[in-house]
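**Q** Before I ask anything, let me first share the structure, which is written out below as structure tokens.
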Amino acid sequence: MKYVDEYRDGKLAHKIAEDIRNLVKPELDYYFMEFCGGHTHAIFRYGIPDLLPENVHLVHGPGCPVCVLPIERIDAAIELAVRHNVILCAYGDMMRVPGSNRASLLKIKAEGADVRMVYSCNDVLMIAQDNPDSEVVFFAIGFETTTPPTAIMILQANNMALKNLSVFCNHVLTPSAIGTILESPEIREMGTLKLDGFIGPAHVSTIIGSQPYEYFAEEFQKPVVIAGFEPLDVLQALVMLIKQVNEGRAEVENEFVRAVTADGNIKAKKLVSEIFELRPEFSWRGLGNVPYSGLRIKQKYRHLDAEYRFVIAPSTGKENKACECPSILRGVKKPQDCKLFGKACTPEMPLGSCMVSSEGACAAYYSYGRFRMA
Amino acid sequence: MNKRNPFGAKLNFNTGVVEMIHGAGGKASSQLIDQLFVAAFDNDMLNEHSDQAKITLPEGQVVMATDSHVITPLFFSGGNIGSLAIHGTVNDVSMSGATPLYVSAGFILEEGYPLKDLKLIVESMAEAAREAGVAVVAGDTKVVEKGKADGVFINTTGVGVITNGVDLSVNKIQPGDKVLISGSMGDHGVCIMSKRANIGFESNLESDSASLNWLVSDMLSQVPGIKYMRDPTRGGVSAILNEIAYQCGVGIRLEEDQLPIKEAVRSGCELLGLDPLYVANEGKLIAFCPAEFADQLVDTMRQHPLGKDAAIIGEVIEDENGFVQLQTSFGGSRVVDWINGEQLPRIC
């Protein structure tokens, strides 16, 4: 595959791995958080930990879009499909995410609810046009990457005067989450979470650019290296991070120059700000209520907002008390620290959201890395 | 067949559709059976119009397998549900080392399904049977109301006989054995996915749907020591390797560099966030043999058109946990886990 295989070259990987071994100071331990689930997935899929020296540790962050969605939002989506009888359109990853009482979109679909797995917002528009007598709701989730397509869909639905389509908006913002992790007591006060730097998001950064990370580098003195999702990108980012730590620098560097600029995708950002505005706060699984971390649909397009169109009862959904997803999402605990991991909670029967998506730390550990724990 | 035609006008295969009456057991049912199924499958046993087929089997161990086919879409590049229904069952029988001989076919048809399409399906089924050297000797047709099925469902049951003393068994697999595949992985699954309405990517990829019995007979007659064979259909290569590893209490280590995967399959999987190891095949087999026979076996497979891309993809190792591992081209290793339900596309 052109433009892909070049970034998966095993020979080059061994060379970079050697560079890393030569760079690290034996007396130091290096802890880097990859924020994005896309990186977590790549790290496990290609077996990157096997190539790293023992004193380079990867901490898995909260950047899996389905993992951070709180249980009450999943319950709300389920309620839309079951009680309001809408055609609920969702991305594939969402289908198995557990809501309260282990309900999930797949489960309610089996019980008769009309849940459709979609690959893009275009599918949603088509479903709405094909089913003019049914209410169609798009369960919009994701970080800055999936937000512009939702914005375009809202704009198109508005222009087409589609009466039966609305959006249940759960789009969230990456910088707010990184800020929350850095502000957390585990880092600021207790020092229980050691973090020397971040592997910065790939696809998210193509939209928002590298500029928003400057604040973290400056304020928290943590280096950030924006990296692509291919395995060589990850290794190269680690080289750049280790160099920064060794040299006492804390800067934003961009490994993913083939796709990320300082300002990002200006057109997409403009579009997003035309359709969406900040919520005063949004609840994240693992991080709790984070101020100004989520988006909602602006007044002008409110007629397309499912939260205004339907009365959704507030969920009393509670997480399983033993589930460590919140700590795992903050990087404070590892999947195998959770009592449920691999026992009550497996990809077949996930209790926590981190076990659902292959981008979730638990699922990645379980599916790809389990033999290391055996 | 110079009998009086009791049915009046012939079935209209241009504009006609399946009706409830075609499954009601009366004249219309007989007409459909006669003018479509018997005509296409054309053999003495069906021509008898009895409720059963009487067959005499050669000496040997009798092997039987059944498979129900419920695929969407019904037509795809490289085949349709009809040819697939023959290939699937022929392959299940063949993996035991048996020569497949007879097949039965049960059809569940949805009211309103075009007879024109049904004819295409049945004819390609007949052609697939002829190619595989099996006779469709018994059948059944049921019609369900519109909306109660998805066009056509087909169940096929196959019978074969192991005549050459071959004794394949999963229990013979042991550490050191090599794992071989007869060709590229994931062709069928990606072809089907690309044809599903809501994905909208185009490829000229064809399904690999094919009967493997002639390949198997070459392998067994030319190479000694083959221990076990399976065809990696639903759940792909990973599903059957995990089953085998679990059953035998061994590990299996695959070499990513050695996995034959077509460019179109890799690209399709990349786009959808899927892993070719989990994608279905309908014309591939996995074989286990002792290391000393592996080169000879792969050469033999490569001489057959259905095995031209055969490869040695890994080996059986000692591992009481029964993990299937992959040595990645990148230089690391990971587990190739059991598939969990259907693979779901990732968001980013």
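By order in the structure tokens, chains are A, B, ...; within a chain, residues start at 1; ligands start at 1, following the order shown.
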Could you go through range 246-311 of chain B and tell me which residues DSSP, when run on the backbone, assigns to strand (DSSP E), listing them as number ranges by chain?
**A** B: 251-255, 286-289, 311
**Q** Kindly determine which residues of chain A lie within 8 Å of chain B, considering only C-alpha atoms, and give the answer as number ranges by chain.
**A** A: 1, 8-11, 13-14, 38, 44-51, 65, 91-93, 118-119, 123, 142, 145-146, 203, 231, 347-348, 357-358, 367-371, 374
**Q** Within range 75-299 of chain B, find each residue whose DSSP state, derived from the backbone, is alpha helix (DSSP H), and express the selection as a ChimeraX atom specification.
**A** /B:81-94,115-132,187-195,213-222,236-248,263-272,291-299
**Q** For Asp309 in chain B, please output as a PDB file with N, CA and C atoms, in the first residue's frame all residues within 12 Å (counting only C-alpha atoms; exclusion window: fewer than 6 positions along the same chain).
**A**
```pdb
ATOM      1  N   LEU B 180       0.217 -24.201   6.985  1.00  0.00           N
ATOM      2  CA  LEU B 180       0.218 -23.716   5.607  1.00  0.00           C
ATOM      3  C   LEU B 180      -1.160 -23.176   5.233  1.00  0.00           C
ATOM      4  N   ILE B 181      -1.168 -22.210   4.332  1.00  0.00           N
ATOM      5  CA  ILE B 181      -2.438 -21.733   3.782  1.00  0.00           C
ATOM      6  C   ILE B 181      -2.364 -21.856   2.257  1.00  0.00           C
ATOM      7  N   SER B 182      -3.514 -22.125   1.631  1.00  0.00           N
ATOM      8  CA  SER B 182      -3.488 -22.410   0.192  1.00  0.00           C
ATOM      9  C   SER B 182      -3.481 -21.150  -0.678  1.00  0.00           C
ATOM     10  N   GLY B 183      -3.640 -19.977  -0.084  1.00  0.00           N
ATOM     11  CA  GLY B 183      -3.618 -18.753  -0.899  1.00  0.00           C
ATOM     12  C   GLY B 183      -3.989 -17.536  -0.078  1.00  0.00           C
ATOM     13  N   SER B 184      -4.292 -16.444  -0.777  1.00  0.00           N
ATOM     14  CA  SER B 184      -4.468 -15.151  -0.107  1.00  0.00           C
ATOM     15  C   SER B 184      -5.671 -15.129   0.836  1.00  0.00           C
ATOM     16  N   MET B 185      -5.513 -14.386   1.918  1.00  0.00           N
ATOM     17  CA  MET B 185      -6.546 -14.339   2.952  1.00  0.00           C
ATOM     18  C   MET B 185      -7.527 -13.193   2.738  1.00  0.00           C
ATOM     19  N   GLN B 258       4.923 -13.635   6.032  1.00  0.00           N
ATOM     20  CA  GLN B 258       4.605 -14.775   5.166  1.00  0.00           C
ATOM     21  C   GLN B 258       3.129 -14.849   4.801  1.00  0.00           C
ATOM     22  N   LEU B 259       2.293 -14.019   5.418  1.00  0.00           N
ATOM     23  CA  LEU B 259       0.851 -14.120   5.172  1.00  0.00           C
ATOM     24  C   LEU B 259       0.514 -13.586   3.786  1.00  0.00           C
ATOM     25  N   PRO B 260      -0.071 -14.424   2.920  1.00  0.00           N
ATOM     26  CA  PRO B 260      -0.434 -13.902   1.597  1.00  0.00           C
ATOM     27  C   PRO B 260      -1.722 -13.081   1.686  1.00  0.00           C
ATOM     28  N   ILE B 261      -1.615 -11.793   1.400  1.00  0.00           N
ATOM     29  CA  ILE B 261      -2.788 -10.910   1.440  1.00  0.00           C
ATOM     30  C   ILE B 261      -2.736 -10.019   0.211  1.00  0.00           C
ATOM     31  N   LYS B 262      -3.820 -10.001  -0.551  1.00  0.00           N
ATOM     32  CA  LYS B 262      -3.844  -9.161  -1.748  1.00  0.00           C
ATOM     33  C   LYS B 262      -3.881  -7.684  -1.358  1.00  0.00           C
ATOM     34  N   LYS B 284     -10.235 -21.303   0.568  1.00  0.00           N
ATOM     35  CA  LYS B 284      -8.876 -21.471   1.084  1.00  0.00           C
ATOM     36  C   LYS B 284      -8.882 -22.585   2.131  1.00  0.00           C
ATOM     37  N   LEU B 285      -7.736 -23.201   2.304  1.00  0.00           N
ATOM     38  CA  LEU B 285      -7.618 -24.175   3.386  1.00  0.00           C
ATOM     39  C   LEU B 285      -6.338 -23.929   4.156  1.00  0.00           C
ATOM     40  N   VAL B 298       3.928 -27.323   0.175  1.00  0.00           N
ATOM     41  CA  VAL B 298       3.658 -26.006  -0.400  1.00  0.00           C
ATOM     42  C   VAL B 298       3.910 -26.039  -1.916  1.00  0.00           C
ATOM     43  N   ASP B 299       4.928 -26.783  -2.349  1.00  0.00           N
ATOM     44  CA  ASP B 299       5.186 -26.906  -3.795  1.00  0.00           C
ATOM     45  C   ASP B 299       4.026 -27.598  -4.498  1.00  0.00           C
ATOM     46  N   THR B 300       3.527 -28.646  -3.900  1.00  0.00           N
ATOM     47  CA  THR B 300       2.398 -29.383  -4.486  1.00  0.00           C
ATOM     48  C   THR B 300       1.173 -28.481  -4.585  1.00  0.00           C
ATOM     49  N   MET B 301       0.913 -27.744  -3.533  1.00  0.00           N
ATOM     50  CA  MET B 301      -0.246 -26.847  -3.538  1.00  0.00           C
ATOM     51  C   MET B 301      -0.103 -25.794  -4.635  1.00  0.00           C
ATOM     52  N   ARG B 302       1.106 -25.287  -4.795  1.00  0.00           N
ATOM     53  CA  ARG B 302       1.326 -24.208  -5.775  1.00  0.00           C
ATOM     54  C   ARG B 302       1.139 -24.680  -7.219  1.00  0.00           C
ATOM     55  N   GLN B 303       1.197 -25.984  -7.422  1.00  0.00           N
ATOM     56  CA  GLN B 303       0.994 -26.488  -8.788  1.00  0.00           C
ATOM     57  C   GLN B 303      -0.477 -26.511  -9.181  1.00  0.00           C
TER      58      GLN B 303
END
```
**Q** Here is a test: counting only C-alpha atoms, which residue of A:Val260, A:Val290, A:Thr150, A:Glu135 is nearest to Ser120 in chain A?
**A**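 That would be A:Thr150, the residue with the smallest distance to Ser120 in chain A.
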**Q** Would you mind telling me which residue in A:Tyr213, A:Tyr292, A:Phe198, A:Phe220 lies nearest to Ser184 in chain A when using only C-alpha atoms?
**A**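 Smallest separation from Ser184 in chain A among the options: A:Phe220.
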**Q** Compile the contact shell of Ala322 in chain A as a ChimeraX atom specification: residues with an atom at most 9 Å away, counting only C-alpha atoms, same-chain residues fewer than 3 positions apart removed.
**A** /A:319,338-340
**Q** Using only C-alpha atoms, determine which residues lie at most 12 Å from Cys354 in chain A, disregarding the query and same-chain residues fewer than 6 positions distant; provide the list as a count of residues only.
**A** 44
